[in-house]
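Shown next: input07.cif, given as mmCIF, N, CA and C atoms.
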```cif
data_work
#
loop_
_atom_site.label_atom_id
_atom_site.label_comp_id
_atom_site.auth_asym_id
_atom_site.auth_seq_id
_atom_site.Cartn_x
_atom_site.Cartn_y
_atom_site.Cartn_z
N MET A 191 0.71 -26.55 -42.76
CA MET A 191 1.38 -27.64 -43.42
C MET A 191 1.06 -27.58 -44.91
N ARG A 192 2.06 -27.88 -45.72
CA ARG A 192 1.89 -27.95 -47.17
C ARG A 192 2.35 -29.32 -47.63
N SER A 193 1.57 -29.99 -48.48
CA SER A 193 1.90 -31.34 -48.90
C SER A 193 1.55 -31.52 -50.37
N GLU A 194 2.36 -32.30 -51.07
CA GLU A 194 2.16 -32.47 -52.51
C GLU A 194 2.68 -33.84 -52.94
N LEU A 195 1.93 -34.52 -53.79
CA LEU A 195 2.34 -35.80 -54.34
C LEU A 195 3.10 -35.55 -55.65
N ARG A 196 4.25 -36.20 -55.80
CA ARG A 196 5.09 -36.03 -56.98
C ARG A 196 5.34 -37.38 -57.64
N ALA A 197 5.45 -37.39 -58.95
CA ALA A 197 5.75 -38.61 -59.70
C ALA A 197 7.26 -38.85 -59.74
N VAL A 198 7.63 -40.12 -59.71
CA VAL A 198 9.03 -40.54 -59.85
C VAL A 198 9.05 -41.65 -60.89
N ARG A 199 9.90 -41.53 -61.87
CA ARG A 199 10.02 -42.55 -62.93
C ARG A 199 11.30 -43.34 -62.70
N THR A 200 11.16 -44.66 -62.53
CA THR A 200 12.33 -45.51 -62.32
C THR A 200 12.66 -46.34 -63.55
N GLY A 201 11.74 -46.46 -64.47
CA GLY A 201 11.99 -47.21 -65.69
C GLY A 201 11.91 -48.71 -65.55
N GLY A 202 11.45 -49.20 -64.41
CA GLY A 202 11.30 -50.64 -64.24
C GLY A 202 12.61 -51.39 -64.02
N VAL A 203 13.63 -50.68 -63.56
CA VAL A 203 14.91 -51.30 -63.20
C VAL A 203 15.25 -50.88 -61.77
N PRO A 204 16.01 -51.69 -61.03
CA PRO A 204 16.41 -51.24 -59.70
C PRO A 204 17.09 -49.87 -59.81
N SER A 205 16.61 -48.92 -59.01
CA SER A 205 17.02 -47.53 -59.19
C SER A 205 17.19 -46.79 -57.87
N ILE A 206 18.10 -45.84 -57.91
CA ILE A 206 18.20 -44.83 -56.88
C ILE A 206 18.06 -43.50 -57.60
N VAL A 207 16.99 -42.78 -57.29
CA VAL A 207 16.68 -41.52 -57.97
C VAL A 207 16.94 -40.39 -56.99
N ASP A 208 17.84 -39.49 -57.34
CA ASP A 208 18.17 -38.35 -56.49
C ASP A 208 17.06 -37.31 -56.58
N LEU A 209 16.42 -37.05 -55.45
CA LEU A 209 15.31 -36.10 -55.37
C LEU A 209 15.72 -34.77 -54.75
N THR A 210 16.98 -34.61 -54.39
CA THR A 210 17.42 -33.48 -53.58
C THR A 210 17.06 -32.13 -54.19
N ASP A 211 17.34 -31.94 -55.46
CA ASP A 211 17.06 -30.64 -56.07
C ASP A 211 15.57 -30.33 -56.07
N GLU A 212 14.75 -31.34 -56.33
CA GLU A 212 13.30 -31.16 -56.31
C GLU A 212 12.82 -30.84 -54.89
N CYS A 213 13.41 -31.51 -53.89
CA CYS A 213 13.08 -31.24 -52.48
C CYS A 213 13.46 -29.81 -52.12
N ALA A 214 14.65 -29.39 -52.53
CA ALA A 214 15.14 -28.04 -52.24
C ALA A 214 14.22 -26.99 -52.87
N ASP A 215 13.76 -27.23 -54.08
CA ASP A 215 12.83 -26.30 -54.73
C ASP A 215 11.52 -26.21 -53.96
N PHE A 216 11.07 -27.34 -53.42
CA PHE A 216 9.80 -27.38 -52.68
C PHE A 216 9.84 -26.49 -51.43
N VAL A 217 10.98 -26.40 -50.77
CA VAL A 217 11.07 -25.63 -49.51
C VAL A 217 11.69 -24.24 -49.69
N ARG A 218 12.14 -23.90 -50.88
CA ARG A 218 12.90 -22.66 -51.12
C ARG A 218 12.18 -21.40 -50.63
N ALA A 219 10.88 -21.31 -50.78
CA ALA A 219 10.13 -20.11 -50.39
C ALA A 219 9.67 -20.16 -48.94
N GLU A 220 10.04 -21.20 -48.23
CA GLU A 220 9.61 -21.36 -46.83
C GLU A 220 10.66 -20.78 -45.89
N GLY A 221 10.29 -20.63 -44.64
CA GLY A 221 11.25 -20.21 -43.62
C GLY A 221 11.82 -21.42 -42.93
N ASP A 222 11.74 -21.42 -41.61
CA ASP A 222 12.20 -22.57 -40.82
C ASP A 222 11.08 -23.58 -40.65
N GLY A 223 11.46 -24.84 -40.58
CA GLY A 223 10.47 -25.90 -40.37
C GLY A 223 11.07 -27.26 -40.59
N LEU A 224 10.21 -28.19 -40.95
CA LEU A 224 10.62 -29.57 -41.14
C LEU A 224 10.07 -30.07 -42.47
N PHE A 225 10.95 -30.63 -43.27
CA PHE A 225 10.57 -31.22 -44.54
C PHE A 225 10.54 -32.74 -44.38
N GLN A 226 9.50 -33.37 -44.91
CA GLN A 226 9.45 -34.82 -44.92
C GLN A 226 9.17 -35.29 -46.33
N VAL A 227 9.84 -36.36 -46.73
CA VAL A 227 9.54 -37.04 -47.98
C VAL A 227 9.13 -38.46 -47.61
N PHE A 228 8.03 -38.92 -48.22
CA PHE A 228 7.45 -40.21 -47.90
C PHE A 228 7.13 -40.96 -49.19
N ALA A 229 7.51 -42.23 -49.25
CA ALA A 229 7.20 -43.09 -50.39
C ALA A 229 5.97 -43.93 -50.03
N PRO A 230 4.81 -43.64 -50.62
CA PRO A 230 3.59 -44.38 -50.29
C PRO A 230 3.51 -45.72 -51.05
N HIS A 231 4.53 -46.53 -50.89
CA HIS A 231 4.62 -47.82 -51.57
C HIS A 231 5.13 -48.87 -50.59
N ALA A 232 4.69 -50.10 -50.77
CA ALA A 232 5.15 -51.20 -49.92
C ALA A 232 6.48 -51.76 -50.37
N THR A 233 7.04 -51.22 -51.46
CA THR A 233 8.26 -51.79 -52.04
C THR A 233 9.30 -50.73 -52.38
N ALA A 234 9.32 -49.61 -51.68
CA ALA A 234 10.30 -48.56 -51.97
C ALA A 234 10.71 -47.88 -50.68
N GLY A 235 11.82 -47.18 -50.73
CA GLY A 235 12.30 -46.48 -49.54
C GLY A 235 12.94 -45.16 -49.89
N ILE A 236 13.31 -44.43 -48.85
CA ILE A 236 14.00 -43.15 -48.98
C ILE A 236 15.31 -43.26 -48.22
N ALA A 237 16.40 -42.89 -48.87
CA ALA A 237 17.72 -42.93 -48.23
C ALA A 237 18.37 -41.55 -48.33
N VAL A 238 19.06 -41.16 -47.28
CA VAL A 238 19.88 -39.95 -47.30
C VAL A 238 21.32 -40.43 -47.39
N ILE A 239 21.90 -40.33 -48.59
CA ILE A 239 23.23 -40.87 -48.86
C ILE A 239 23.98 -39.96 -49.82
N GLU A 240 25.26 -40.20 -49.96
CA GLU A 240 26.06 -39.55 -50.98
C GLU A 240 25.78 -40.25 -52.31
N THR A 241 25.71 -39.50 -53.39
CA THR A 241 25.54 -40.09 -54.71
C THR A 241 26.68 -39.62 -55.62
N GLY A 242 26.83 -40.32 -56.74
CA GLY A 242 27.80 -39.91 -57.73
C GLY A 242 29.22 -40.38 -57.49
N ALA A 243 29.51 -40.90 -56.30
CA ALA A 243 30.86 -41.39 -56.00
C ALA A 243 30.84 -42.90 -55.82
N GLY A 244 29.76 -43.54 -56.24
CA GLY A 244 29.65 -44.98 -56.15
C GLY A 244 28.78 -45.50 -55.03
N SER A 245 28.42 -44.65 -54.06
CA SER A 245 27.62 -45.11 -52.93
C SER A 245 26.25 -45.60 -53.36
N ASP A 246 25.66 -44.95 -54.35
CA ASP A 246 24.35 -45.37 -54.82
C ASP A 246 24.44 -46.76 -55.47
N ASP A 247 25.46 -47.00 -56.29
CA ASP A 247 25.66 -48.32 -56.88
C ASP A 247 25.97 -49.35 -55.80
N ASP A 248 26.78 -48.96 -54.81
CA ASP A 248 27.11 -49.86 -53.70
C ASP A 248 25.85 -50.26 -52.93
N LEU A 249 24.94 -49.31 -52.72
CA LEU A 249 23.71 -49.62 -52.00
C LEU A 249 22.89 -50.65 -52.76
N LEU A 250 22.70 -50.45 -54.06
CA LEU A 250 21.94 -51.42 -54.85
C LEU A 250 22.62 -52.79 -54.84
N ALA A 251 23.95 -52.82 -54.94
CA ALA A 251 24.68 -54.09 -54.92
C ALA A 251 24.52 -54.80 -53.58
N GLN A 252 24.59 -54.05 -52.48
CA GLN A 252 24.45 -54.68 -51.17
C GLN A 252 23.02 -55.13 -50.90
N LEU A 253 22.05 -54.41 -51.45
CA LEU A 253 20.66 -54.87 -51.32
C LEU A 253 20.48 -56.21 -52.04
N ASP A 254 21.18 -56.40 -53.18
CA ASP A 254 21.12 -57.68 -53.87
C ASP A 254 21.74 -58.80 -53.03
N VAL A 255 22.79 -58.48 -52.26
CA VAL A 255 23.42 -59.47 -51.39
C VAL A 255 22.51 -59.77 -50.20
N LEU A 256 22.01 -58.72 -49.57
CA LEU A 256 21.17 -58.87 -48.38
C LEU A 256 19.80 -59.45 -48.70
N LEU A 257 19.23 -59.00 -49.81
CA LEU A 257 17.88 -59.41 -50.22
C LEU A 257 17.94 -59.96 -51.65
N PRO A 258 18.41 -61.19 -51.83
CA PRO A 258 18.58 -61.73 -53.19
C PRO A 258 17.25 -61.83 -53.94
N ARG A 259 17.32 -61.64 -55.23
CA ARG A 259 16.14 -61.79 -56.09
C ARG A 259 16.09 -63.26 -56.56
N ASP A 260 15.53 -64.10 -55.69
CA ASP A 260 15.39 -65.52 -56.01
C ASP A 260 14.06 -66.03 -55.47
N ASP A 261 13.91 -67.34 -55.38
CA ASP A 261 12.61 -67.92 -55.03
C ASP A 261 12.46 -68.25 -53.54
N ARG A 262 13.31 -67.70 -52.68
CA ARG A 262 13.21 -68.00 -51.24
C ARG A 262 12.05 -67.31 -50.55
N TRP A 263 11.44 -66.31 -51.18
CA TRP A 263 10.45 -65.45 -50.53
C TRP A 263 9.06 -66.07 -50.59
N ARG A 264 8.31 -65.97 -49.51
CA ARG A 264 6.95 -66.48 -49.46
C ARG A 264 5.99 -65.63 -50.28
N HIS A 265 6.25 -64.33 -50.31
CA HIS A 265 5.45 -63.41 -51.12
C HIS A 265 5.88 -63.61 -52.57
N ARG A 266 5.01 -64.17 -53.42
CA ARG A 266 5.47 -64.66 -54.72
C ARG A 266 4.78 -64.06 -55.96
N HIS A 267 3.95 -63.06 -55.84
CA HIS A 267 3.35 -62.52 -57.07
C HIS A 267 4.36 -61.60 -57.76
N GLY A 268 4.12 -61.30 -59.02
CA GLY A 268 5.01 -60.39 -59.74
C GLY A 268 6.24 -61.09 -60.28
N ALA A 269 7.27 -60.30 -60.58
CA ALA A 269 8.52 -60.82 -61.14
C ALA A 269 9.20 -61.76 -60.14
N ALA A 270 10.06 -62.61 -60.65
CA ALA A 270 10.80 -63.54 -59.79
C ALA A 270 11.55 -62.76 -58.70
N GLY A 271 11.39 -63.23 -57.47
CA GLY A 271 12.08 -62.57 -56.36
C GLY A 271 11.41 -61.31 -55.85
N HIS A 272 10.20 -61.02 -56.33
CA HIS A 272 9.52 -59.78 -55.93
C HIS A 272 9.26 -59.71 -54.42
N GLY A 273 9.21 -60.84 -53.76
CA GLY A 273 9.02 -60.84 -52.31
C GLY A 273 10.08 -60.02 -51.59
N ARG A 274 11.28 -60.01 -52.12
CA ARG A 274 12.35 -59.22 -51.49
C ARG A 274 12.04 -57.73 -51.55
N ASP A 275 11.34 -57.28 -52.58
CA ASP A 275 10.97 -55.86 -52.69
C ASP A 275 10.07 -55.44 -51.54
N HIS A 276 9.25 -56.38 -51.06
CA HIS A 276 8.35 -56.08 -49.94
C HIS A 276 9.07 -56.05 -48.59
N VAL A 277 10.28 -56.57 -48.55
CA VAL A 277 11.08 -56.55 -47.33
C VAL A 277 11.97 -55.29 -47.30
N LEU A 278 12.24 -54.72 -48.45
CA LEU A 278 13.12 -53.54 -48.57
C LEU A 278 12.82 -52.43 -47.57
N PRO A 279 11.53 -52.01 -47.37
CA PRO A 279 11.28 -50.88 -46.47
C PRO A 279 11.67 -51.13 -45.01
N ALA A 280 11.91 -52.39 -44.63
CA ALA A 280 12.40 -52.66 -43.28
C ALA A 280 13.87 -52.26 -43.14
N PHE A 281 14.58 -52.16 -44.26
CA PHE A 281 16.00 -51.81 -44.27
C PHE A 281 16.24 -50.40 -44.78
N VAL A 282 15.45 -49.96 -45.74
CA VAL A 282 15.49 -48.59 -46.26
C VAL A 282 14.09 -48.03 -46.02
N PRO A 283 13.92 -47.25 -44.94
CA PRO A 283 12.57 -46.81 -44.55
C PRO A 283 11.90 -45.97 -45.65
N PRO A 284 10.58 -45.95 -45.66
CA PRO A 284 9.86 -45.22 -46.70
C PRO A 284 9.74 -43.72 -46.44
N HIS A 285 10.57 -43.19 -45.57
CA HIS A 285 10.46 -41.77 -45.23
C HIS A 285 11.79 -41.20 -44.75
N ALA A 286 11.90 -39.89 -44.84
CA ALA A 286 13.03 -39.17 -44.25
C ALA A 286 12.55 -37.76 -43.90
N SER A 287 13.06 -37.23 -42.81
CA SER A 287 12.76 -35.86 -42.38
C SER A 287 14.05 -35.07 -42.33
N VAL A 288 14.00 -33.84 -42.81
CA VAL A 288 15.18 -32.98 -42.86
C VAL A 288 14.78 -31.59 -42.34
N PRO A 289 15.56 -31.03 -41.40
CA PRO A 289 15.27 -29.66 -40.96
C PRO A 289 15.43 -28.67 -42.13
N VAL A 290 14.63 -27.64 -42.09
CA VAL A 290 14.72 -26.55 -43.07
C VAL A 290 15.01 -25.27 -42.30
N LEU A 291 16.06 -24.60 -42.68
CA LEU A 291 16.46 -23.35 -42.03
C LEU A 291 16.52 -22.25 -43.07
N GLY A 292 15.66 -21.26 -42.93
CA GLY A 292 15.64 -20.15 -43.88
C GLY A 292 15.37 -20.59 -45.30
N GLY A 293 14.51 -21.59 -45.48
CA GLY A 293 14.16 -22.04 -46.83
C GLY A 293 15.19 -22.96 -47.46
N ARG A 294 16.13 -23.46 -46.66
CA ARG A 294 17.16 -24.36 -47.20
C ARG A 294 17.20 -25.66 -46.40
N LEU A 295 17.31 -26.77 -47.13
CA LEU A 295 17.46 -28.06 -46.47
C LEU A 295 18.77 -28.08 -45.68
N ALA A 296 18.71 -28.50 -44.44
CA ALA A 296 19.91 -28.52 -43.58
C ALA A 296 20.61 -29.87 -43.71
N LEU A 297 20.99 -30.20 -44.94
CA LEU A 297 21.72 -31.44 -45.21
C LEU A 297 23.21 -31.22 -45.02
N GLY A 298 23.92 -32.31 -44.77
CA GLY A 298 25.38 -32.25 -44.71
C GLY A 298 25.95 -32.08 -46.11
N THR A 299 27.23 -31.80 -46.19
CA THR A 299 27.90 -31.48 -47.45
C THR A 299 27.61 -32.48 -48.57
N TRP A 300 27.69 -33.76 -48.30
CA TRP A 300 27.53 -34.77 -49.36
C TRP A 300 26.19 -35.49 -49.31
N GLN A 301 25.32 -35.12 -48.40
CA GLN A 301 24.05 -35.82 -48.28
C GLN A 301 23.07 -35.44 -49.39
N ARG A 302 22.43 -36.47 -49.92
CA ARG A 302 21.40 -36.31 -50.94
C ARG A 302 20.18 -37.13 -50.51
N ILE A 303 19.00 -36.67 -50.89
CA ILE A 303 17.76 -37.37 -50.58
C ILE A 303 17.39 -38.20 -51.80
N CYS A 304 17.30 -39.53 -51.61
CA CYS A 304 17.12 -40.44 -52.75
C CYS A 304 15.96 -41.40 -52.56
N PHE A 305 15.27 -41.65 -53.65
CA PHE A 305 14.22 -42.66 -53.73
C PHE A 305 14.88 -43.97 -54.12
N VAL A 306 14.67 -45.02 -53.34
CA VAL A 306 15.29 -46.32 -53.58
C VAL A 306 14.19 -47.30 -53.97
N ASP A 307 14.33 -47.88 -55.16
CA ASP A 307 13.29 -48.76 -55.69
C ASP A 307 13.93 -49.95 -56.37
N THR A 308 13.70 -51.14 -55.83
CA THR A 308 14.19 -52.37 -56.46
C THR A 308 13.09 -53.12 -57.19
N ASN A 309 11.87 -52.60 -57.16
CA ASN A 309 10.71 -53.25 -57.74
C ASN A 309 10.67 -53.02 -59.25
N ILE A 310 10.99 -54.05 -60.03
CA ILE A 310 11.03 -53.90 -61.48
C ILE A 310 9.66 -53.97 -62.13
N ASP A 311 8.62 -54.29 -61.33
CA ASP A 311 7.27 -54.41 -61.87
C ASP A 311 6.56 -53.06 -62.03
N ASN A 312 7.06 -52.01 -61.40
CA ASN A 312 6.38 -50.71 -61.42
C ASN A 312 7.34 -49.59 -61.83
N PRO A 313 7.33 -49.19 -63.09
CA PRO A 313 8.25 -48.15 -63.55
C PRO A 313 7.86 -46.73 -63.16
N SER A 314 6.63 -46.53 -62.72
CA SER A 314 6.17 -45.21 -62.30
C SER A 314 5.77 -45.26 -60.84
N ARG A 315 6.32 -44.36 -60.04
CA ARG A 315 6.09 -44.36 -58.60
C ARG A 315 5.73 -42.94 -58.16
N HIS A 316 5.53 -42.77 -56.85
CA HIS A 316 5.21 -41.45 -56.29
C HIS A 316 5.96 -41.23 -54.99
N VAL A 317 6.15 -39.98 -54.66
CA VAL A 317 6.62 -39.58 -53.34
C VAL A 317 5.75 -38.42 -52.88
N ARG A 318 5.61 -38.29 -51.59
CA ARG A 318 4.87 -37.16 -51.02
C ARG A 318 5.86 -36.26 -50.32
N PHE A 319 5.88 -34.98 -50.74
CA PHE A 319 6.67 -33.95 -50.07
C PHE A 319 5.76 -33.21 -49.10
N THR A 320 6.22 -32.99 -47.88
CA THR A 320 5.45 -32.25 -46.90
C THR A 320 6.37 -31.27 -46.17
N PHE A 321 5.90 -30.05 -46.00
CA PHE A 321 6.63 -29.05 -45.22
C PHE A 321 5.75 -28.61 -44.06
N LEU A 322 6.32 -28.66 -42.87
CA LEU A 322 5.65 -28.23 -41.66
C LEU A 322 6.40 -27.00 -41.12
N ARG A 323 5.73 -25.87 -41.07
CA ARG A 323 6.37 -24.64 -40.60
C ARG A 323 6.73 -24.74 -39.11
N GLY A 324 7.86 -24.15 -38.77
CA GLY A 324 8.33 -24.17 -37.38
C GLY A 324 7.72 -23.04 -36.57
#
```
Show me, as structure tokens, the structure contained in the file I just sent.
Amino acid sequence: MRSELRAVRTGGVPSIVDLTDECADFVRAEGDGLFQVFAPHATAGIAVIETGAGSDDDLLAQLDVLLPRDDRWRHRHGAAGHGRDHVLPAFVPPHASVPVLGGRLALGTWQRICFVDTNIDNPSRHVRFTFLRG
């Protein structure tokens, strides 16, 4: 198994950061196996979605509808509505696993691996890339 912690910069705004190219580089020299990306945060998730055609913006917009940034949350430290950030991983899990075949991620045509972060209090985050040989 090979594992590495990587930095992700979100800039302190709700963000979807496409990690696909970085993930692909991580497994390029490998053969067959399983790649996992994990967000070691209580307020972030990993989504496998299409990007660039509006789906990423749609996801952030729907998270605002589903999890409004207001004062309804019991968890109240940080920016207003921060409690919703702690609920996010129940809807966007903090991990994703993708098969690797011949050193290539076996993603579908439009699938991208993305870091989803609505927490405006932390502009610098991390993800853990792990490859398990088959």
Residue nearest A:Pro283 - candidates A:Gly324, A:Gly271, A:Gly235, A:Gly298, atoms counted: only N, CA and C atoms: A:Gly235
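When the PyMOL selection byres (((chain A and resi 289 and name CA) around 9) and name CA) is evaluated on the file shown here, the picked residues come out as A:Asp222, A:Gly223, A:Leu224, A:Phe225, A:Gln226, A:Ser287, A:Val288, A:Val290, A:Leu291, A:Arg294, A:Leu295, A:Ala296, A:Leu297.
Shell of A:His267 at 12 Å, with only C-alpha atoms counted and residues fewer than 5 places along the chain excluded, is A:Asp261, A:His272, A:Gly273, A:Arg274, A:Asp275, A:His276, A:Asn309, A:Asp311.
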Using 3 Å of padding on each side, determine the axis-aligned box around all atoms of stretch 285-300 of chain A present in the file and give its centre and edge lengths in Å to one decimal, as lines of an AutoDock Vina configuration file.
```
center_x = 19.2
center_y = -31.7
center_z = -45.2
size_x = 23.4
size_y = 29.0
size_z = 14.4
```
Residue members of the PyMOL selection byres (((chain A and resi 236 and name CA) around 7) and name CA) in the file shown, as a ChimeraX atom specification: /A:229,235,237-238,282-286,304-306
Selection result of the PyMOL selection byres ((chain A and resi 210) around 8) on this file, as JSON, numbers by chain: {"A": [207, 208, 209, 211, 212, 213, 214, 215, 216, 301, 302, 303, 304, 305]}
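If all atoms listed in the file are the atoms counted, then among A:Trp263, A:Arg192, A:Leu278, A:Gly221 the closest residue to A:Thr308 is A:Leu278.
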Test item, helix (DSSP H, G or I) assignment across stretch 220-293 of chain A, answer as a VMD selection string: chain A and resid 245 to 256 273 to 280
Backbone DSSP call of strand (DSSP E or B) for stretch 218-279 of chain A, listed as a list in words: Gly223, Leu224, Phe225, Gln226, Val227, Phe228, Ala234, Gly235, Ile236, Ala237, Val238 and Ile239 of chain A
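Atom C of A:Arg199 is found 28.9 Å from atom C of A:Gly292.
For the pair atom N of A:Asp307 and atom C of A:Arg266, the separation is 18.8 Å.
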Interatomic distance (Å, one decimal) between atom CA of A:Ala270 and atom C of A:Pro258: 8.9 Å
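Closest approach to A:Gly202 among A:Arg315, A:Arg323, A:Arg218, A:His265: A:Arg315, based on only C-alpha atoms.
The shortest atom-to-atom distance to A:Asp246, with only C-alpha atoms taken into account, belongs to A:Pro204 out of A:Gly293, A:Pro204, A:Pro279, A:Gly268.
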Selected residue of minimal separation from A:Gly244 among A:Ala280, A:Leu322, A:Val227, A:Ile206, counting only C-alpha atoms: A:Ile206
Please fill the gaps in stretch 228-236 of chain A so it has all heavy atoms, and write that as an mmCIF file, in the coordinates of the input.
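Result file follows (out10.cif):
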```
data_model
loop_
_atom_site.group_PDB
_atom_site.id
_atom_site.type_symbol
_atom_site.label_atom_id
_atom_site.label_comp_id
_atom_site.auth_asym_id
_atom_site.auth_seq_id
_atom_site.Cartn_x
_atom_site.Cartn_y
_atom_site.Cartn_z
ATOM 1 N N PHE A 228 8.030 -38.920 -48.220
ATOM 2 C CA PHE A 228 7.450 -40.210 -47.900
ATOM 3 C C PHE A 228 7.130 -40.960 -49.190
ATOM 4 O O PHE A 228 6.572 -40.387 -50.129
ATOM 5 C CB PHE A 228 6.160 -40.013 -47.092
ATOM 6 C CG PHE A 228 5.420 -41.284 -46.795
ATOM 7 C CD1 PHE A 228 5.917 -42.186 -45.880
ATOM 8 C CD2 PHE A 228 4.229 -41.572 -47.445
ATOM 9 C CE1 PHE A 228 5.239 -43.370 -45.605
ATOM 10 C CE2 PHE A 228 3.538 -42.741 -47.175
ATOM 11 C CZ PHE A 228 4.045 -43.653 -46.247
ATOM 12 N N ALA A 229 7.510 -42.230 -49.250
ATOM 13 C CA ALA A 229 7.200 -43.090 -50.390
ATOM 14 C C ALA A 229 5.970 -43.930 -50.030
ATOM 15 O O ALA A 229 6.073 -44.829 -49.198
ATOM 16 C CB ALA A 229 8.381 -43.997 -50.700
ATOM 17 N N PRO A 230 4.810 -43.640 -50.620
ATOM 18 C CA PRO A 230 3.590 -44.380 -50.290
ATOM 19 C C PRO A 230 3.510 -45.720 -51.050
ATOM 20 O O PRO A 230 2.558 -45.969 -51.787
ATOM 21 C CB PRO A 230 2.478 -43.415 -50.697
ATOM 22 C CG PRO A 230 3.058 -42.676 -51.857
ATOM 23 C CD PRO A 230 4.529 -42.541 -51.561
ATOM 24 N N HIS A 231 4.530 -46.530 -50.890
ATOM 25 C CA HIS A 231 4.620 -47.820 -51.570
ATOM 26 C C HIS A 231 5.130 -48.870 -50.590
ATOM 27 O O HIS A 231 5.947 -48.569 -49.726
ATOM 28 C CB HIS A 231 5.575 -47.749 -52.764
ATOM 29 C CG HIS A 231 5.183 -46.751 -53.794
ATOM 30 N ND1 HIS A 231 4.130 -46.958 -54.669
ATOM 31 C CD2 HIS A 231 5.678 -45.528 -54.078
ATOM 32 C CE1 HIS A 231 4.009 -45.902 -55.457
ATOM 33 N NE2 HIS A 231 4.931 -45.019 -55.120
ATOM 34 N N ALA A 232 4.690 -50.100 -50.770
ATOM 35 C CA ALA A 232 5.150 -51.200 -49.920
ATOM 36 C C ALA A 232 6.480 -51.760 -50.370
ATOM 37 O O ALA A 232 7.016 -52.672 -49.747
ATOM 38 C CB ALA A 232 4.100 -52.316 -49.916
ATOM 39 N N THR A 233 7.040 -51.220 -51.460
ATOM 40 C CA THR A 233 8.260 -51.790 -52.040
ATOM 41 C C THR A 233 9.300 -50.730 -52.380
ATOM 42 O O THR A 233 10.118 -50.936 -53.280
ATOM 43 C CB THR A 233 7.917 -52.579 -53.316
ATOM 44 O OG1 THR A 233 7.288 -51.701 -54.254
ATOM 45 C CG2 THR A 233 7.018 -53.762 -53.023
ATOM 46 N N ALA A 234 9.320 -49.610 -51.680
ATOM 47 C CA ALA A 234 10.300 -48.560 -51.970
ATOM 48 C C ALA A 234 10.710 -47.880 -50.680
ATOM 49 O O ALA A 234 10.016 -47.984 -49.658
ATOM 50 C CB ALA A 234 9.716 -47.535 -52.946
ATOM 51 N N GLY A 235 11.820 -47.180 -50.730
ATOM 52 C CA GLY A 235 12.300 -46.480 -49.540
ATOM 53 C C GLY A 235 12.940 -45.160 -49.890
ATOM 54 O O GLY A 235 13.116 -44.819 -51.068
ATOM 55 N N ILE A 236 13.310 -44.430 -48.850
ATOM 56 C CA ILE A 236 14.000 -43.150 -48.980
ATOM 57 C C ILE A 236 15.310 -43.260 -48.220
ATOM 58 O O ILE A 236 15.342 -43.670 -47.068
ATOM 59 C CB ILE A 236 13.155 -41.996 -48.383
ATOM 60 C CG1 ILE A 236 11.772 -41.906 -49.046
ATOM 61 C CG2 ILE A 236 13.915 -40.680 -48.473
ATOM 62 C CD1 ILE A 236 11.788 -41.512 -50.516
#
```
